[in-house]
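For reference, target-v9.cif (mmCIF, C-alpha atoms):
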data_model
#
loop_
_atom_site.label_atom_id
_atom_site.label_comp_id
_atom_site.auth_asym_id
_atom_site.auth_seq_id
_atom_site.Cartn_x
_atom_site.Cartn_y
_atom_site.Cartn_z
CA MET A 7 -47.90 -35.56 3.86
CA LYS A 8 -46.29 -39.00 4.01
CA LYS A 9 -45.54 -38.83 0.28
CA ILE A 10 -43.81 -35.47 0.75
CA LEU A 11 -41.69 -36.80 3.60
CA PHE A 12 -40.80 -39.87 1.53
CA LEU A 13 -39.72 -37.74 -1.43
CA MET A 14 -37.58 -35.56 0.85
CA LEU A 15 -35.86 -38.64 2.24
CA VAL A 16 -35.19 -39.96 -1.26
CA LEU A 17 -33.71 -36.65 -2.40
CA THR A 18 -31.53 -36.48 0.69
CA SER A 19 -30.25 -39.98 0.07
CA LEU A 20 -29.45 -39.22 -3.56
CA CYS A 21 -27.52 -36.09 -2.61
CA ALA A 22 -25.61 -38.00 0.05
CA CYS A 23 -24.60 -40.66 -2.47
CA GLN A 24 -23.07 -38.19 -4.93
CA GLN A 25 -19.29 -38.31 -5.21
CA PRO A 26 -17.43 -35.11 -4.31
CA LYS A 27 -16.21 -33.15 -7.29
CA GLN A 28 -12.50 -33.17 -8.03
CA VAL A 29 -10.29 -31.00 -10.20
CA ILE A 30 -8.79 -33.26 -12.87
CA GLY A 31 -7.01 -30.61 -14.88
CA ALA A 32 -6.25 -26.94 -15.24
CA THR A 33 -4.69 -24.62 -17.77
CA THR A 34 -3.19 -21.18 -17.35
CA GLU A 35 -2.45 -18.34 -19.71
CA ALA A 36 0.01 -15.53 -19.10
CA ILE A 37 -1.46 -12.14 -19.93
CA PRO A 38 1.26 -9.45 -20.14
CA VAL A 39 0.45 -6.21 -18.34
CA ASP A 40 2.02 -3.73 -20.74
CA ALA A 41 1.07 -1.51 -23.68
CA SER A 42 -0.46 -4.50 -25.43
CA ALA A 43 -3.31 -4.39 -22.91
CA ASP A 44 -4.30 -0.83 -23.90
CA ALA A 45 -6.65 -2.20 -26.56
CA ILE A 46 -8.89 -3.76 -23.90
CA GLU A 47 -8.89 -0.85 -21.44
CA ASP A 48 -12.23 0.34 -20.12
CA THR A 49 -12.43 3.81 -21.65
CA VAL A 50 -15.72 4.62 -19.88
CA TYR A 51 -14.22 3.83 -16.49
CA LEU A 52 -11.09 5.81 -17.28
CA ALA A 53 -13.20 8.82 -18.24
CA GLN A 54 -15.07 8.61 -14.93
CA LEU A 55 -11.80 8.28 -13.03
CA ALA A 56 -10.05 11.17 -14.78
CA PRO A 57 -11.42 14.02 -12.56
CA VAL A 58 -10.50 12.11 -9.39
CA LYS A 59 -7.02 11.41 -10.74
CA ALA A 60 -6.55 15.06 -11.64
CA ASP A 61 -7.64 16.22 -8.16
CA LEU A 62 -5.33 13.70 -6.49
CA GLU A 63 -2.34 14.70 -8.60
CA ARG A 64 -3.02 18.36 -7.89
CA GLU A 65 -3.05 17.69 -4.14
CA MET A 66 0.05 15.45 -4.22
CA ASN A 67 2.03 18.03 -6.21
CA VAL A 68 1.59 20.77 -3.59
CA GLN A 69 5.02 21.86 -2.35
CA ILE A 70 5.35 21.79 1.46
CA GLY A 71 9.09 22.15 1.88
CA TYR A 72 12.48 22.36 0.23
CA ALA A 73 15.68 20.29 0.43
CA PRO A 74 18.86 22.29 -0.31
CA GLU A 75 20.81 19.00 -0.59
CA ASP A 76 19.95 15.41 -1.53
CA LEU A 77 18.55 13.30 1.28
CA TRP A 78 19.93 9.95 0.14
CA VAL A 79 19.31 6.48 1.55
CA ASP A 80 22.05 4.02 2.45
CA ALA A 81 23.10 1.75 5.32
CA PRO A 82 24.18 1.95 8.05
CA GLU A 83 23.46 5.68 8.31
CA CYS A 84 22.21 8.31 5.87
CA PRO A 85 20.53 11.72 5.81
CA MET A 86 17.07 10.27 5.06
CA LEU A 87 17.18 7.84 8.00
CA ASN A 88 18.48 10.54 10.32
CA TRP A 89 15.82 13.03 9.29
CA ALA A 90 13.03 10.47 9.63
CA SER A 91 14.13 9.26 13.06
CA ASP A 92 14.65 12.83 14.31
CA ALA A 93 11.21 13.87 13.02
CA LEU A 94 9.58 10.87 14.70
CA TRP A 95 11.41 11.59 17.96
CA GLU A 96 10.35 15.24 18.01
CA ALA A 97 6.73 14.30 17.24
CA ALA A 98 6.72 11.71 20.02
CA LYS A 99 8.07 14.20 22.56
CA LYS A 100 5.13 16.48 21.78
CA LEU A 101 2.48 13.75 21.93
CA TYR A 102 3.66 11.38 24.64
CA PRO A 103 2.86 12.47 28.20
CA GLY A 104 6.26 11.36 29.52
CA LYS A 105 9.90 11.52 28.48
CA VAL A 106 10.92 9.90 25.19
CA ASP A 107 14.51 8.68 25.26
CA ILE A 108 15.05 7.51 21.69
CA ALA A 109 13.38 6.91 18.33
CA ILE A 110 13.88 4.06 15.90
CA VAL A 111 12.88 3.73 12.24
CA ASN A 112 13.77 0.89 9.91
CA MET A 113 15.83 1.08 6.76
CA GLY A 114 13.16 -0.94 4.94
CA GLY A 115 10.62 1.76 5.74
CA MET A 116 12.54 4.36 3.76
CA ARG A 117 10.88 3.83 0.38
CA CYS A 118 12.59 6.66 -1.47
CA ALA A 119 15.20 9.37 -1.30
CA TRP A 120 14.42 13.08 -1.60
CA PRO A 121 16.55 14.80 -4.23
CA LYS A 122 17.60 18.41 -3.88
CA GLY A 123 14.65 20.67 -4.62
CA PRO A 124 10.98 21.03 -3.71
CA ILE A 125 9.39 18.49 -1.36
CA THR A 126 5.74 17.74 -2.13
CA ARG A 127 2.95 15.90 -0.36
CA GLY A 128 3.50 13.13 -2.87
CA ASN A 129 7.15 12.82 -1.80
CA VAL A 130 6.05 12.17 1.78
CA PHE A 131 3.50 9.57 0.66
CA GLU A 132 6.21 7.91 -1.41
CA LEU A 133 8.55 7.84 1.59
CA MET A 134 5.89 6.40 3.91
CA PRO A 135 3.12 4.70 1.90
CA PHE A 136 2.05 2.57 4.87
CA ASP A 137 -0.57 3.44 7.49
CA ASN A 138 1.84 2.81 10.37
CA GLN A 139 1.15 4.60 13.64
CA LEU A 140 3.52 6.16 16.14
CA VAL A 141 3.83 4.16 19.36
CA VAL A 142 6.03 4.59 22.42
CA LEU A 143 7.39 1.45 24.08
CA THR A 144 9.06 1.11 27.47
CA LEU A 145 11.95 -1.36 27.39
CA LYS A 146 14.47 -2.61 29.90
CA GLY A 147 18.04 -1.53 29.24
CA GLU A 148 19.09 -5.12 28.57
CA ASP A 149 16.51 -5.29 25.79
CA VAL A 150 17.73 -2.00 24.32
CA LEU A 151 21.18 -3.58 24.11
CA ALA A 152 19.71 -6.72 22.54
CA LEU A 153 18.00 -4.48 19.99
CA CYS A 154 21.29 -2.80 19.14
CA GLU A 155 22.93 -6.22 18.76
CA SER A 156 20.41 -6.92 16.01
CA PHE A 157 21.46 -3.64 14.36
CA ALA A 158 25.05 -4.89 14.44
CA ARG A 159 24.10 -8.21 12.81
CA TYR A 160 21.85 -6.79 10.10
CA GLY A 161 23.57 -3.59 9.02
CA GLY A 162 22.01 -0.83 11.14
CA GLN A 163 18.73 1.07 11.36
CA GLY A 164 17.66 4.67 11.85
CA VAL A 165 18.04 6.01 15.40
CA ALA A 166 17.65 9.32 17.22
CA GLY A 167 18.67 10.14 20.78
CA MET A 168 21.28 7.39 20.86
CA ARG A 169 24.66 6.49 19.37
CA VAL A 170 25.63 2.98 18.38
CA THR A 171 29.14 1.79 17.54
CA VAL A 172 29.74 -1.58 15.90
CA ILE A 173 33.20 -3.03 15.31
CA ASP A 174 33.69 -6.17 13.22
CA ASN A 175 29.93 -6.85 13.25
CA LYS A 176 29.88 -6.84 17.05
CA LEU A 177 28.26 -4.27 19.30
CA ALA A 178 31.01 -2.15 20.87
CA ASN A 179 29.24 0.81 22.49
CA VAL A 180 25.72 2.21 22.99
CA THR A 181 24.86 5.51 24.62
CA VAL A 182 21.50 7.18 25.23
CA GLY A 183 21.55 10.87 26.04
CA GLY A 184 25.37 10.70 26.13
CA LYS A 185 25.42 7.96 28.82
CA PRO A 186 26.07 4.21 28.50
CA VAL A 187 22.89 2.13 28.51
CA ASP A 188 22.16 0.70 31.96
CA PRO A 189 21.04 -2.93 31.50
CA LYS A 190 18.88 -2.63 34.61
CA GLY A 191 17.45 0.74 33.61
CA SER A 192 14.26 1.59 31.72
CA TYR A 193 14.00 3.45 28.42
CA THR A 194 11.16 4.78 26.26
CA ILE A 195 11.36 4.25 22.51
CA ALA A 196 9.31 6.00 19.84
CA THR A 197 8.77 3.76 16.84
CA SER A 198 6.02 2.34 14.61
CA ASP A 199 3.32 -0.13 15.56
CA TYR A 200 4.71 -2.32 12.78
CA LEU A 201 8.15 -2.56 14.36
CA SER A 202 6.66 -3.08 17.82
CA GLY A 203 5.65 -6.52 16.59
CA GLY A 204 9.30 -7.49 16.03
CA ALA A 205 9.57 -6.85 12.30
CA ASP A 206 12.96 -6.37 10.60
CA HIS A 207 14.72 -8.59 13.17
CA MET A 208 13.67 -6.27 16.03
CA ASP A 209 12.39 -9.05 18.30
CA ALA A 210 13.60 -7.13 21.35
CA LEU A 211 10.87 -4.53 20.79
CA THR A 212 8.21 -7.15 21.56
CA ARG A 213 9.50 -7.38 25.14
CA TYR A 214 8.14 -3.97 26.10
CA THR A 215 6.82 -3.46 29.61
CA GLU A 216 4.51 -0.61 28.58
CA TYR A 217 2.86 0.25 25.27
CA TRP A 218 1.36 3.61 24.27
CA ASN A 219 -0.27 4.28 20.92
CA SER A 220 -0.58 7.86 19.68
CA GLU A 221 -3.16 6.76 17.08
CA ARG A 222 -1.42 9.16 14.70
CA LEU A 223 -0.15 8.08 11.30
CA ILE A 224 3.60 8.48 10.95
CA ARG A 225 3.06 9.78 7.43
CA GLU A 226 0.97 12.65 8.80
CA LEU A 227 3.63 13.44 11.38
CA TYR A 228 6.29 13.54 8.66
CA MET A 229 4.05 15.83 6.65
CA GLU A 230 3.72 18.20 9.61
CA ALA A 231 7.48 18.08 10.22
CA VAL A 232 8.26 19.12 6.63
CA GLN A 233 5.72 21.94 6.75
CA THR A 234 7.08 23.18 10.10
CA GLN A 235 10.76 22.98 9.16
CA ASP A 236 10.17 24.27 5.61
CA THR A 237 13.84 23.81 4.71
CA ILE A 238 14.85 20.21 5.28
CA ARG A 239 18.46 19.54 6.25
CA ALA A 240 20.00 16.29 7.47
CA ALA A 241 23.48 14.82 7.45
CA VAL A 242 25.46 11.80 8.59
CA ASP A 243 26.71 12.54 12.12
CA GLY A 244 28.07 9.23 13.40
CA ARG A 245 25.05 8.09 15.39
CA MET A 246 25.22 4.63 13.72
CA THR A 247 28.89 3.75 13.16
CA MET A 248 30.04 0.41 11.79
CA GLN A 249 33.77 -0.20 11.60
CA PRO A 250 35.56 -3.19 10.02
#
Take the structure I supplied and represent it as structure tokens, if you would.
Amino acid sequence: MKKILFLMLVLTSLCACQQPKQVIGATTEAIPVDASADAIEDTVYLAQLAPVKADLEREMNVQIGYAPEDLWVDAPECPMLNWASDALWEAAKKLYPGKVDIAIVNMGGMRCAWPKGPITRGNVFELMPFDNQLVVLTLKGEDVLALCESFARYGGQGVAGMRVTVIDNKLANVTVGGKPVDPKGSYTIATSDYLSGGADHMDALTRYTEYWNSERLIRELYMEAVQTQDTIRAAVDGRMTMQP
């Protein structure tokens, strides 16, 4: 037993005396991801994946609506932003137990335009590839104004239920429901859980006094909106105006 203990102590001492390993050099090699890589593709895996790919493409290509005109994307206001913010606002008003004053979506969240013609499930996934959820935040009026000041500085965002006027990069006027924003008032804002964390310079959204999560994916809500509306129309109407 003593011999065993002695050997264990010796081994422990030897391990403790070893110098830590260090990286003394490294080399890298750039491997282009293009047609030249086809020669090394896993044909067995691709064969197994083919039925799944075919099923997915079949589902994504299902037409769920139609756009009689292009829904293009551009700042500070565009048909795609207006449609998306309106659709989010209408969905929130159905899901939230109270009144929803406005809706906000970010320009960066609009990942594609919808050209004139059929709208498929795949088009909606392309527009909203993220698993963002609809939330409703309660903000003080002064924070709503601070939020709109960020719109003025960074070129605008998508809004519904409100009108924002910016002149020479400075906030000139903000109305909600046709009335000027009351700095001491309280407003409910439908948006995404992503933006509620202050993304896209929307720090003011983090100062909410109440937070409600629908636990519904915005992508699903957009899908339902297209299916319900069937014919998708949206236009620039002056809700986000920026003048020199």
Contacts of region 238-241 of chain A at 7 Å (only C-alpha atoms; same-chain gap of 6+ positions) as a PDB file with C-alpha atoms, in the frame of the given file:
ATOM      1  CA  GLY A  71       9.090  22.150   1.880  1.00  0.00           C
ATOM      2  CA  TYR A  72      12.480  22.360   0.230  1.00  0.00           C
ATOM      3  CA  ALA A  73      15.680  20.290   0.430  1.00  0.00           C
ATOM      4  CA  CYS A  84      22.210   8.310   5.870  1.00  0.00           C
ATOM      5  CA  PRO A  85      20.530  11.720   5.810  1.00  0.00           C
ATOM      6  CA  ASN A  88      18.480  10.540  10.320  1.00  0.00           C
ATOM      7  CA  TRP A  89      15.820  13.030   9.290  1.00  0.00           C
ATOM      8  CA  VAL A 232       8.260  19.120   6.630  1.00  0.00           C
TER       9      VAL A 232
END
For Leu227 (chain A): contacts at 9 Å, all atoms listed in the file, fewer than 5 positions along chain excluded, given as number ranges by chain: A: 93-94, 97, 140, 222, 232
A:Ser91, A:Ser42, A:Gln139, A:Ser156 ranked by distance to Ala231 (chain A), top pick (using all atoms listed in the file): A:Ser91
Selection under test: the PyMOL selection byres ((chain A and resi 143) around 12); residues as a PDB file with C-alpha atoms, in the coordinates of the input:
ATOM      1  CA  ALA A  98       6.720  11.710  20.020  1.00  0.00           C
ATOM      2  CA  TYR A 102       3.660  11.380  24.640  1.00  0.00           C
ATOM      3  CA  GLY A 104       6.260  11.360  29.520  1.00  0.00           C
ATOM      4  CA  LYS A 105       9.900  11.520  28.480  1.00  0.00           C
ATOM      5  CA  VAL A 106      10.920   9.900  25.190  1.00  0.00           C
ATOM      6  CA  ASP A 107      14.510   8.680  25.260  1.00  0.00           C
ATOM      7  CA  ILE A 108      15.050   7.510  21.690  1.00  0.00           C
ATOM      8  CA  ALA A 109      13.380   6.910  18.330  1.00  0.00           C
ATOM      9  CA  ILE A 110      13.880   4.060  15.900  1.00  0.00           C
ATOM     10  CA  LEU A 140       3.520   6.160  16.140  1.00  0.00           C
ATOM     11  CA  VAL A 141       3.830   4.160  19.360  1.00  0.00           C
ATOM     12  CA  VAL A 142       6.030   4.590  22.420  1.00  0.00           C
ATOM     13  CA  THR A 144       9.060   1.110  27.470  1.00  0.00           C
ATOM     14  CA  LEU A 145      11.950  -1.360  27.390  1.00  0.00           C
ATOM     15  CA  LYS A 146      14.470  -2.610  29.900  1.00  0.00           C
ATOM     16  CA  ASP A 149      16.510  -5.290  25.790  1.00  0.00           C
ATOM     17  CA  VAL A 150      17.730  -2.000  24.320  1.00  0.00           C
ATOM     18  CA  SER A 192      14.260   1.590  31.720  1.00  0.00           C
ATOM     19  CA  TYR A 193      14.000   3.450  28.420  1.00  0.00           C
ATOM     20  CA  THR A 194      11.160   4.780  26.260  1.00  0.00           C
ATOM     21  CA  ILE A 195      11.360   4.250  22.510  1.00  0.00           C
ATOM     22  CA  ALA A 196       9.310   6.000  19.840  1.00  0.00           C
ATOM     23  CA  THR A 197       8.770   3.760  16.840  1.00  0.00           C
ATOM     24  CA  SER A 198       6.020   2.340  14.610  1.00  0.00           C
ATOM     25  CA  ASP A 199       3.320  -0.130  15.560  1.00  0.00           C
ATOM     26  CA  LEU A 201       8.150  -2.560  14.360  1.00  0.00           C
ATOM     27  CA  SER A 202       6.660  -3.080  17.820  1.00  0.00           C
ATOM     28  CA  GLY A 203       5.650  -6.520  16.590  1.00  0.00           C
ATOM     29  CA  ALA A 210      13.600  -7.130  21.350  1.00  0.00           C
ATOM     30  CA  LEU A 211      10.870  -4.530  20.790  1.00  0.00           C
ATOM     31  CA  THR A 212       8.210  -7.150  21.560  1.00  0.00           C
ATOM     32  CA  ARG A 213       9.500  -7.380  25.140  1.00  0.00           C
ATOM     33  CA  TYR A 214       8.140  -3.970  26.100  1.00  0.00           C
ATOM     34  CA  THR A 215       6.820  -3.460  29.610  1.00  0.00           C
ATOM     35  CA  GLU A 216       4.510  -0.610  28.580  1.00  0.00           C
ATOM     36  CA  TYR A 217       2.860   0.250  25.270  1.00  0.00           C
ATOM     37  CA  TRP A 218       1.360   3.610  24.270  1.00  0.00           C
ATOM     38  CA  ASN A 219      -0.270   4.280  20.920  1.00  0.00           C
ATOM     39  CA  SER A 220      -0.580   7.860  19.680  1.00  0.00           C
TER      40      SER A 220
END
Selection as an NGL selection string: residues within 10 Å of (12.4, 18.4, -3.3), counting all atoms listed in the file: :A and (69-77 or 119-126 or 129 or 237-238)
Minimum-distance residue to Glu148 (chain A), chosen among A:Gln163, A:Lys190, A:Pro82, A:Pro250 (using only C-alpha atoms): A:Lys190
Residue among A:Asn175, A:Glu96, A:Val170, A:Pro135 lying closest to Thr234 (chain A), counting only C-alpha atoms: A:Glu96
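With all atoms listed in the file as the atoms that count, the residue of A:Thr34, A:Thr49, A:Thr247, A:Asn138 with the shortest distance to Val180 (chain A) is A:Thr247.
Rounded to one decimal, CA of Gly191 (chain A) and CA of Gly147 (chain A) lie 5.0 Å from each other.
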Matched chain/residue IDs from the PyMOL selection byres ((chain A and resi 83) around 7), as number ranges by chain: A: 80-82, 84, 87, 164, 242, 246
CA of Phe136 (chain A) to CA of Glu226 (chain A), distance in Å rounded to a single decimal: 10.9 Å
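When CA of Asp48 (chain A) is paired with CA of Thr33 (chain A), their separation reads 26.2 Å.
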